Amino acid sequence: MEKIAIVVDSATDVTDYIRGDHNIFRIPLQINIGDKSYTDGVDITGEEVFQAMETSKVSSSLPGGEVIEKLFNDIKEQGYTHAIVVTITSAMSGTYNVIRNFTEAFEGMKIAVIDTLRISVGAGYVAVRASEKLEAGYTFDEILKDIEDTKLNANVFFTLSTLDYLIKGGRIGAVAGTVANVLNLRPVISVSDEGVYYTCAKARGYQKAITKTIDAAYDYVKDLDKYRVVLLHADSKMDFAKIMAYAKSKFDKAEEISIEKISVALSTHSGREGFGVGVSRV
């Protein structure tokens, strides 16, 4: 009999709320501050990262091999025979490849590693759906087919108060990013079906960009009778009551809208005031 584990990397932003009652295992990315490394969600907080950003070089990096090995050994010892690993896009992160390379040599379990071509909850919702199908009695192969059929039906839309961190991380061109900062232009960014960033809207000023981010996410699901929505931020001091009121006026068919914090790993690219909207069509 198959006993299937669902696994994610920490940049999929599967928070306690998004995970719900599903049993989903997590592989943490690494956070580098100067010459020291920390484990996402384990021994460093977002506040510590934001403070370090003011004086030090801060970056995220791939999960360590020993961390991956320990997790899969623990899963195998719990009697799991199969695992489905859901990762953020391989076009912008090496996480997919490092986990796939490790699992190809791992003995005693059948493991599939999924490149979602998404980041944050755009990937995380894929894992949640896989967990729901598992609990509905789907087999390993049936879940994999369902993922391939539906994994592009979730996405995230986001904007930033400053583009400095995306520039430093090489995620946006230095010249374009600097010009946008000078002109106070804030892009609304999403992830294409090829797994890379693209700009879907622009606004002059951060508050207007937040509104346009919600609008862009709404356009993604507006023709549906049912969808999932979550508001995301790093550690913002914005007026979320006002933002939530606007979001609820747009996403009138969402069962519930929550406000969740992104992973420490992703906040190294967004800065404190990063804001996003995650949506899933299924």
# chains A, B, ... in the order shown; residues from 1 in each chain; ligands from 1
$ select_by_dssp --residues "segment 96-269 of chain A" --states "strand (DSSP E or B)" --output "ChimeraX atom specification"
/A:110-115,154-159,185-191,197-204,227-233,254-261
$ residues_around --residues "Pro63 of chain A" --least-positions-apart "3" --cutoff "12 Å" --atoms "only C-alpha atoms" --output "PyMOL selection string"
chain A and resi 8-11+26-32+37-40+60+66-71+87+93-99+102+265
$ write_last_selection --atoms "C-alpha atoms" --output "short mmCIF file (atom, residue, chain, number, x, y, z; two decimals), in the first residue's frame"
data_model
loop_
_atom_site.label_atom_id
_atom_site.label_comp_id
_atom_site.auth_asym_id
_atom_site.auth_seq_id
_atom_site.Cartn_x
_atom_site.Cartn_y
_atom_site.Cartn_z
CA VAL A 8 7.58 21.65 -0.09
CA ASP A 9 10.52 24.01 0.01
CA SER A 10 10.10 26.96 2.37
CA ALA A 11 9.80 29.53 -0.44
CA ARG A 26 9.03 21.39 4.65
CA ILE A 27 12.59 21.75 3.35
CA PRO A 28 14.00 25.11 4.51
CA LEU A 29 16.17 27.33 2.36
CA GLN A 30 19.26 28.99 3.80
CA ILE A 31 19.70 32.67 4.71
CA ASN A 32 23.18 34.13 4.42
CA SER A 37 24.28 30.96 7.32
CA TYR A 38 20.90 30.42 8.96
CA THR A 39 17.93 28.17 8.31
CA ASP A 40 14.71 29.73 7.03
CA SER A 60 19.03 33.35 0.30
CA GLU A 66 22.34 17.37 5.11
CA VAL A 67 18.96 19.04 5.71
CA ILE A 68 17.43 17.32 2.69
CA GLU A 69 18.92 13.97 3.65
CA LYS A 70 17.67 14.18 7.23
CA LEU A 71 14.14 15.02 6.13
CA THR A 87 9.30 23.41 -5.40
CA SER A 93 16.01 29.04 -8.18
CA GLY A 94 18.27 26.01 -8.04
CA THR A 95 16.12 24.40 -5.34
CA TYR A 96 14.33 22.11 -7.77
CA ASN A 97 17.58 20.79 -9.22
CA VAL A 98 19.39 20.28 -5.92
CA ILE A 99 16.44 18.32 -4.47
CA PHE A 102 19.60 14.28 -4.23
CA ALA A 265 13.96 33.56 2.26
#
$ closest_residue --among "A:Gly122, A:Thr211, A:Val229, A:Ser263" --to "Ile243 of chain A" --atoms "only C-alpha atoms"
A:Thr211
$ closest_residue --among "A:Ala136, A:Ile114, A:Leu185, A:Ile6" --to "Ile88 of chain A" --atoms "only C-alpha atoms"
A:Ile114
$ closest_residue --among "A:Arg100, A:Lys76, A:His82, A:Lys212" --to "Ile143 of chain A" --atoms "only C-alpha atoms"
A:His82
$ select_by_dssp --residues "segment 50-273 of chain A" --states "alpha helix (DSSP H)" --output "ChimeraX atom specification"
/A:50-53,65-77,95-104,120-135,140-150,164-168,174-183,206-221,240-250,264-270
$ residues_around --residues "segment 245-252 of chain A" --least-positions-apart "6" --cutoff "8 Å" --atoms "only C-alpha atoms" --output "list in words"
Ile214, Asp215, Tyr218, Lys222 and Val229 of chain A
$ write_last_selection --atoms "N, CA and C atoms" --output "tab-separated table (two decimals), in the first residue's frame"
chain	number	residue	atom	x	y	z
A	214	ILE	N	-3.80	44.04	-6.51
A	214	ILE	CA	-5.07	43.37	-6.23
A	214	ILE	C	-5.90	43.24	-7.51
A	215	ASP	N	-5.91	44.30	-8.30
A	215	ASP	CA	-6.66	44.27	-9.56
A	215	ASP	C	-6.12	43.20	-10.51
A	218	TYR	N	-7.13	39.83	-9.33
A	218	TYR	CA	-8.57	39.63	-9.60
A	218	TYR	C	-8.81	39.25	-11.05
A	222	LYS	N	-11.37	36.31	-12.20
A	222	LYS	CA	-12.66	37.00	-12.20
A	222	LYS	C	-13.78	36.24	-12.89
A	229	VAL	N	-7.79	32.95	-2.26
A	229	VAL	CA	-7.04	34.21	-2.25
A	229	VAL	C	-6.34	34.35	-0.91
$ residues_around --residues "segment 205-207 of chain A" --least-positions-apart "2" --cutoff "8 Å" --atoms "only C-alpha atoms" --output "JSON, numbers by chain"
{"A": [159, 160, 161, 184, 185, 186, 203, 209, 210, 211]}
$ write_last_selection --atoms "N, CA and C atoms" --output "PDB file, in the first residue's frame"
ATOM      1  N   THR A 159       4.126  43.596  -5.549  1.00  0.00           N
ATOM      2  CA  THR A 159       4.803  44.854  -5.789  1.00  0.00           C
ATOM      3  C   THR A 159       5.663  45.164  -4.578  1.00  0.00           C
ATOM      4  N   LEU A 160       6.572  46.118  -4.742  1.00  0.00           N
ATOM      5  CA  LEU A 160       7.563  46.413  -3.712  1.00  0.00           C
ATOM      6  C   LEU A 160       7.678  47.914  -3.507  1.00  0.00           C
ATOM      7  N   SER A 161       7.969  48.317  -2.281  1.00  0.00           N
ATOM      8  CA  SER A 161       8.156  49.744  -2.021  1.00  0.00           C
ATOM      9  C   SER A 161       9.484  50.233  -2.567  1.00  0.00           C
ATOM     10  N   ASN A 184       9.813  56.849  -9.192  1.00  0.00           N
ATOM     11  CA  ASN A 184       8.773  56.365  -8.275  1.00  0.00           C
ATOM     12  C   ASN A 184       7.759  55.467  -8.981  1.00  0.00           C
ATOM     13  N   LEU A 185       8.220  54.752  -9.992  1.00  0.00           N
ATOM     14  CA  LEU A 185       7.373  53.782 -10.686  1.00  0.00           C
ATOM     15  C   LEU A 185       7.495  52.431  -9.993  1.00  0.00           C
ATOM     16  N   ARG A 186       6.353  51.840  -9.711  1.00  0.00           N
ATOM     17  CA  ARG A 186       6.372  50.540  -9.053  1.00  0.00           C
ATOM     18  C   ARG A 186       5.691  49.514  -9.949  1.00  0.00           C
ATOM     19  N   ALA A 203       2.581  51.442 -11.692  1.00  0.00           N
ATOM     20  CA  ALA A 203       1.870  52.537 -11.041  1.00  0.00           C
ATOM     21  C   ALA A 203       2.896  53.521 -10.488  1.00  0.00           C
ATOM     22  N   ALA A 209       0.262  51.116  -6.515  1.00  0.00           N
ATOM     23  CA  ALA A 209       0.737  49.808  -6.987  1.00  0.00           C
ATOM     24  C   ALA A 209       0.059  48.673  -6.221  1.00  0.00           C
ATOM     25  N   ILE A 210      -0.208  48.889  -4.949  1.00  0.00           N
ATOM     26  CA  ILE A 210      -0.916  47.870  -4.158  1.00  0.00           C
ATOM     27  C   ILE A 210      -2.306  47.626  -4.738  1.00  0.00           C
ATOM     28  N   THR A 211      -3.003  48.715  -5.058  1.00  0.00           N
ATOM     29  CA  THR A 211      -4.331  48.589  -5.661  1.00  0.00           C
ATOM     30  C   THR A 211      -4.254  47.843  -6.985  1.00  0.00           C
TER      31      THR A 211
END
$ closest_residue --among "A:Ala123, A:Ala216, A:Met244, A:Leu62" --to "Thr199 of chain A" --atoms "only C-alpha atoms"
A:Ala216
$ closest_residue --among "A:Lys237, A:Val86, A:Glu135, A:Glu104" --to "Glu148 of chain A" --atoms "only C-alpha atoms"
A:Val86
